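Structure first, commentary second.
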Amino acid sequence: MFERLGLGSVPRETAVVVGLVSGSHVVNHLYLVLFPPILATLAADFDVGLAALGVAMGVQAFVNTALQLPYGYLSDNYDRVITLALCLGLGALGAGILAVAPTFEALLVGQAVLGAGIAGHHPSHFPLLSDASSADLRGKAYSAHGFAGNLGFAAPPVVILGVTSLPGATWRHAFGLIAVVGAVYGAIACYVLARHVSDEVTRPNPDVGDARTEATSRLARIREEIRALGASRPILGLGVVALLASTAFWGVSSYLAVFLENGYGVASGIASLSLTAMFVAGAALILAGGVLADRFRPGPILAAAYLLVGVAVFALASEFAPPLVAVGIGVLAGSLGSIGLPARDKLADLLSARSDIGRNFAVVTIGIMIGNTVAPPLFGALIESSGYRGTFALVGVFAVLAAVATVVIVARYRDGIRDGAAAAAAEQGS
């Protein structure tokens, strides 16, 4: 696979970093979608409705969002391995709390701890990937990372169904197994990164001309961080794009299974496994997107991907298709956006200085996580009050708005994108 991506002859350190960070992406994305495959089971076990479980998913996303910039600050100013260790350690702890939660309130606590862990993965992953890969392979490195993340999204239905098929096993045993695997992986990955990867990759890239590094007090540094954040208008714009796209994505991924089951009459097992199919398809499209992002301009790729998502979601919302065709449309609705993810990441990279890449990817991730925070409770409540058709039509509107916003951002900041591409070419030539 890596040979086809153009990653087969990279330096050993690059391969190690891309492999370990991609594995962390599997673990973190697995944590992100523990609930959707078993929403009906959780509702019965805790005697709550979809709206309440949407709030639980929103709690995870809210904590995740709130901690993006602190993690980005830690990654840009101190150490990326420490950032990753906190991420993977807290994530495993949160999954363990979910596995033993006796009440819905305890479930909320587990979701909050899980969100505190997941929050660190983008602020640590992207600086590691960027510094470990050359400019001409960065889009492919991001696509390998995204491919792994989609495998993580695809894993929970398979793991949960596999574990619960064993005599006496429940979803709690599956969650516990996932927590143990995540903890062991985190310990191994962070040890290897700390001992076998150079400081040039794992440590920050200080910029002597950056007012943040010249600030003499913690308060002054915070002020400079806020000032720098406000000045990063193209990155803030990408954050808005990510918010709109994420709202659409989490609308589909959170409620696709129950829509297929209750709206189209698809069997519950097939409806649950449609999530796995969706993420596997997305993983393949991410690989294609990485190749496209390194060959063509990333803006049009990203806009086209979101437009295709909108078309597929509108088709699903119509409820005109036969059940098995609806499964295929649902898979496309949740996966087509993946082809634009390496393009989005490359846009953020081109618009970032090396000293603030962790913070800038944190900003984009904040957009993603606001969408993740808003979508489950919003769409869960709308499904209960207005039904699936109108709710999924609104999901499609968010996808189209993401495409429109992408066009506006790329047109407005084309000079910055061009300058970033020129700097990357100069870096490659030096």
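Starting from 1 in every chain, residues are counted up; chains themselves are A, B, ... following the order of the structure tokens, and ligands are numbered from 1 as listed.
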Quick one: residues within 12 Å of A:Gly289, only C-alpha atoms counted, chain neighbours fewer than 3 positions away excluded, as a PDB file with C-alpha atoms, in the first residue's frame?
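Resulting contents of selection_26.pdb:
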```pdb
ATOM      1  CA  LEU A   5       1.198   5.943  -2.161  1.00  0.00           C
ATOM      2  CA  GLY A 139      -0.266  15.143   1.267  1.00  0.00           C
ATOM      3  CA  LYS A 140       0.324  11.389   1.044  1.00  0.00           C
ATOM      4  CA  ALA A 141       1.450  11.259   4.670  1.00  0.00           C
ATOM      5  CA  TYR A 142      -1.762  13.012   5.641  1.00  0.00           C
ATOM      6  CA  SER A 143      -3.766  10.584   3.515  1.00  0.00           C
ATOM      7  CA  ALA A 144      -2.105   7.565   5.186  1.00  0.00           C
ATOM      8  CA  HIS A 145      -3.005   9.143   8.520  1.00  0.00           C
ATOM      9  CA  GLY A 146      -6.576   9.749   7.376  1.00  0.00           C
ATOM     10  CA  PHE A 147      -6.846   6.219   5.978  1.00  0.00           C
ATOM     11  CA  GLY A 282     -13.959   6.550   3.285  1.00  0.00           C
ATOM     12  CA  ALA A 283     -10.535   5.079   4.010  1.00  0.00           C
ATOM     13  CA  ALA A 284     -10.088   4.115   0.358  1.00  0.00           C
ATOM     14  CA  LEU A 285     -11.240   7.566  -0.757  1.00  0.00           C
ATOM     15  CA  ILE A 286      -8.753   9.229   1.598  1.00  0.00           C
ATOM     16  CA  LEU A 292      -5.062  14.193  -5.770  1.00  0.00           C
ATOM     17  CA  ALA A 293      -3.914  16.687  -3.127  1.00  0.00           C
ATOM     18  CA  ASP A 294      -0.273  16.285  -4.179  1.00  0.00           C
ATOM     19  CA  ARG A 295      -1.073  16.574  -7.913  1.00  0.00           C
ATOM     20  CA  PHE A 296      -3.749  19.264  -8.094  1.00  0.00           C
ATOM     21  CA  ARG A 297      -4.913  22.359  -6.260  1.00  0.00           C
ATOM     22  CA  PRO A 298      -6.505  21.323  -2.958  1.00  0.00           C
ATOM     23  CA  GLY A 299      -9.343  23.908  -2.932  1.00  0.00           C
ATOM     24  CA  PRO A 300     -11.431  22.539  -5.831  1.00  0.00           C
ATOM     25  CA  ILE A 301     -10.959  18.972  -4.554  1.00  0.00           C
ATOM     26  CA  LEU A 302     -12.319  19.924  -1.140  1.00  0.00           C
ATOM     27  CA  ALA A 304     -16.270  19.074  -4.912  1.00  0.00           C
ATOM     28  CA  ALA A 305     -16.100  16.468  -2.151  1.00  0.00           C
ATOM     29  CA  SER A 335     -17.719   8.502   2.888  1.00  0.00           C
ATOM     30  CA  LEU A 336     -17.525  10.892  -0.080  1.00  0.00           C
ATOM     31  CA  GLY A 337     -16.278  13.762   2.076  1.00  0.00           C
ATOM     32  CA  SER A 338     -13.179  11.715   2.904  1.00  0.00           C
ATOM     33  CA  ILE A 339     -11.691  12.333  -0.526  1.00  0.00           C
ATOM     34  CA  GLY A 340     -11.298  15.999   0.456  1.00  0.00           C
ATOM     35  CA  LEU A 341      -9.638  15.475   3.855  1.00  0.00           C
ATOM     36  CA  PRO A 342      -6.003  15.406   2.639  1.00  0.00           C
ATOM     37  CA  ALA A 343      -6.780  18.535   0.585  1.00  0.00           C
ATOM     38  CA  ARG A 344      -8.144  20.273   3.709  1.00  0.00           C
ATOM     39  CA  ASP A 345      -5.081  19.282   5.712  1.00  0.00           C
ATOM     40  CA  LYS A 346      -2.757  20.433   2.944  1.00  0.00           C
TER      41      LYS A 346
END
```
(Q) Need the shell around A:Ile366: protein/DNA/RNA residues with any atom at most 9 Å away, counting only C-alpha atoms. Skip same-chain ones fewer than 5 positions apart. Format as a VMD selection string? (A) chain A and resid 64 to 69 239 242 to 243 361 371
Output file for the residues above (N, CA, C and O atoms, as a short mmCIF file (atom, residue, chain, number, x, y, z; two decimals), in the first residue's frame):
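This is the output file selection_28.cif:
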```
data_model
loop_
_atom_site.label_atom_id
_atom_site.label_comp_id
_atom_site.auth_asym_id
_atom_site.auth_seq_id
_atom_site.Cartn_x
_atom_site.Cartn_y
_atom_site.Cartn_z
N ASN A 64 -13.68 17.93 24.12
CA ASN A 64 -12.70 17.82 23.04
C ASN A 64 -12.42 19.19 22.43
O ASN A 64 -11.26 19.59 22.24
N THR A 65 -13.47 19.94 22.15
CA THR A 65 -13.32 21.26 21.55
C THR A 65 -12.62 22.22 22.49
O THR A 65 -11.70 22.95 22.08
N ALA A 66 -13.02 22.23 23.76
CA ALA A 66 -12.47 23.18 24.73
C ALA A 66 -10.98 22.99 24.95
O ALA A 66 -10.27 23.96 25.28
N LEU A 67 -10.48 21.78 24.75
CA LEU A 67 -9.07 21.50 25.04
C LEU A 67 -8.17 21.54 23.80
O LEU A 67 -6.97 21.28 23.92
N GLN A 68 -8.72 21.86 22.63
CA GLN A 68 -7.90 21.89 21.43
C GLN A 68 -6.75 22.89 21.53
O GLN A 68 -5.59 22.55 21.29
N LEU A 69 -7.04 24.13 21.88
CA LEU A 69 -5.98 25.14 21.93
C LEU A 69 -4.97 24.88 23.05
O LEU A 69 -3.76 25.06 22.83
N GLY A 239 -11.47 26.75 9.71
CA GLY A 239 -12.19 26.24 10.87
C GLY A 239 -13.70 26.27 10.65
O GLY A 239 -14.42 25.35 11.05
N ALA A 242 -14.55 23.49 8.31
CA ALA A 242 -14.52 22.22 9.04
C ALA A 242 -15.76 22.06 9.92
O ALA A 242 -16.30 20.96 10.06
N LEU A 243 -16.23 23.15 10.52
CA LEU A 243 -17.43 23.11 11.36
C LEU A 243 -18.64 22.65 10.55
O LEU A 243 -19.39 21.76 10.95
N PHE A 361 -3.73 23.60 13.36
CA PHE A 361 -4.52 22.39 13.22
C PHE A 361 -5.49 22.23 14.38
O PHE A 361 -6.56 21.63 14.23
N GLY A 371 -18.80 20.97 15.33
CA GLY A 371 -19.78 20.21 14.57
C GLY A 371 -20.15 18.92 15.26
O GLY A 371 -21.33 18.54 15.32
#
```
(Q) Given only C-alpha atoms as the basis, pick out the residue of A:Leu42, A:Ala132, A:Val400, A:Leu347 nearest to A:Leu193. (A)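 When distances to A:Leu193 are compared using only C-alpha atoms, the smallest one comes from A:Ala132.
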Q.
With only C-alpha atoms as the counted atoms, please give the residues lying no more than 8 Å from A:Val109, apart from itself and same-chain residues fewer than 4 positions off, as a list in words.
A. Ile97, Glu105 and Val113 of chain A
Q.
I'd like the contact shell of A:Leu256 - 8 Å cut-off, only C-alpha atoms, skipping same-chain residues fewer than 5 positions apart - returned as a list in words.
A. Gly251, Ala271, Leu275 and Gly330 of chain A
How would the residues just picked look written out with all heavy atoms as a compact mmCIF listing (two decimals), in the first residue's frame?
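So the final result, stored in selection.txt, reads:
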```
# COMPACT_ATOMS: atom_id res chain seq x y z
N GLY A 251 -23.84 14.22 11.61
CA GLY A 251 -25.26 13.95 11.44
C GLY A 251 -25.49 12.61 10.77
O GLY A 251 -26.35 11.82 11.17
N ALA A 271 -27.85 -2.56 9.24
CA ALA A 271 -27.80 -1.11 9.47
C ALA A 271 -26.56 -0.73 10.27
O ALA A 271 -25.88 0.26 9.96
CB ALA A 271 -29.05 -0.65 10.20
N LEU A 275 -22.21 1.31 8.93
CA LEU A 275 -21.21 2.26 9.43
C LEU A 275 -19.80 1.78 9.10
O LEU A 275 -18.94 2.56 8.69
CB LEU A 275 -21.36 2.45 10.94
CG LEU A 275 -22.61 3.17 11.41
CD1 LEU A 275 -22.68 3.16 12.93
CD2 LEU A 275 -22.64 4.60 10.89
N GLY A 330 -26.40 5.64 1.79
CA GLY A 330 -25.92 6.05 3.10
C GLY A 330 -24.42 5.90 3.23
O GLY A 330 -23.74 6.76 3.80
```
Q | For atom CA of A:Gly310 and atom CA of A:Val397, the interatomic separation in Å (one decimal) | A |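 If I compute the distance from atom CA of A:Gly310 to atom CA of A:Val397, I get 6.7 Å.
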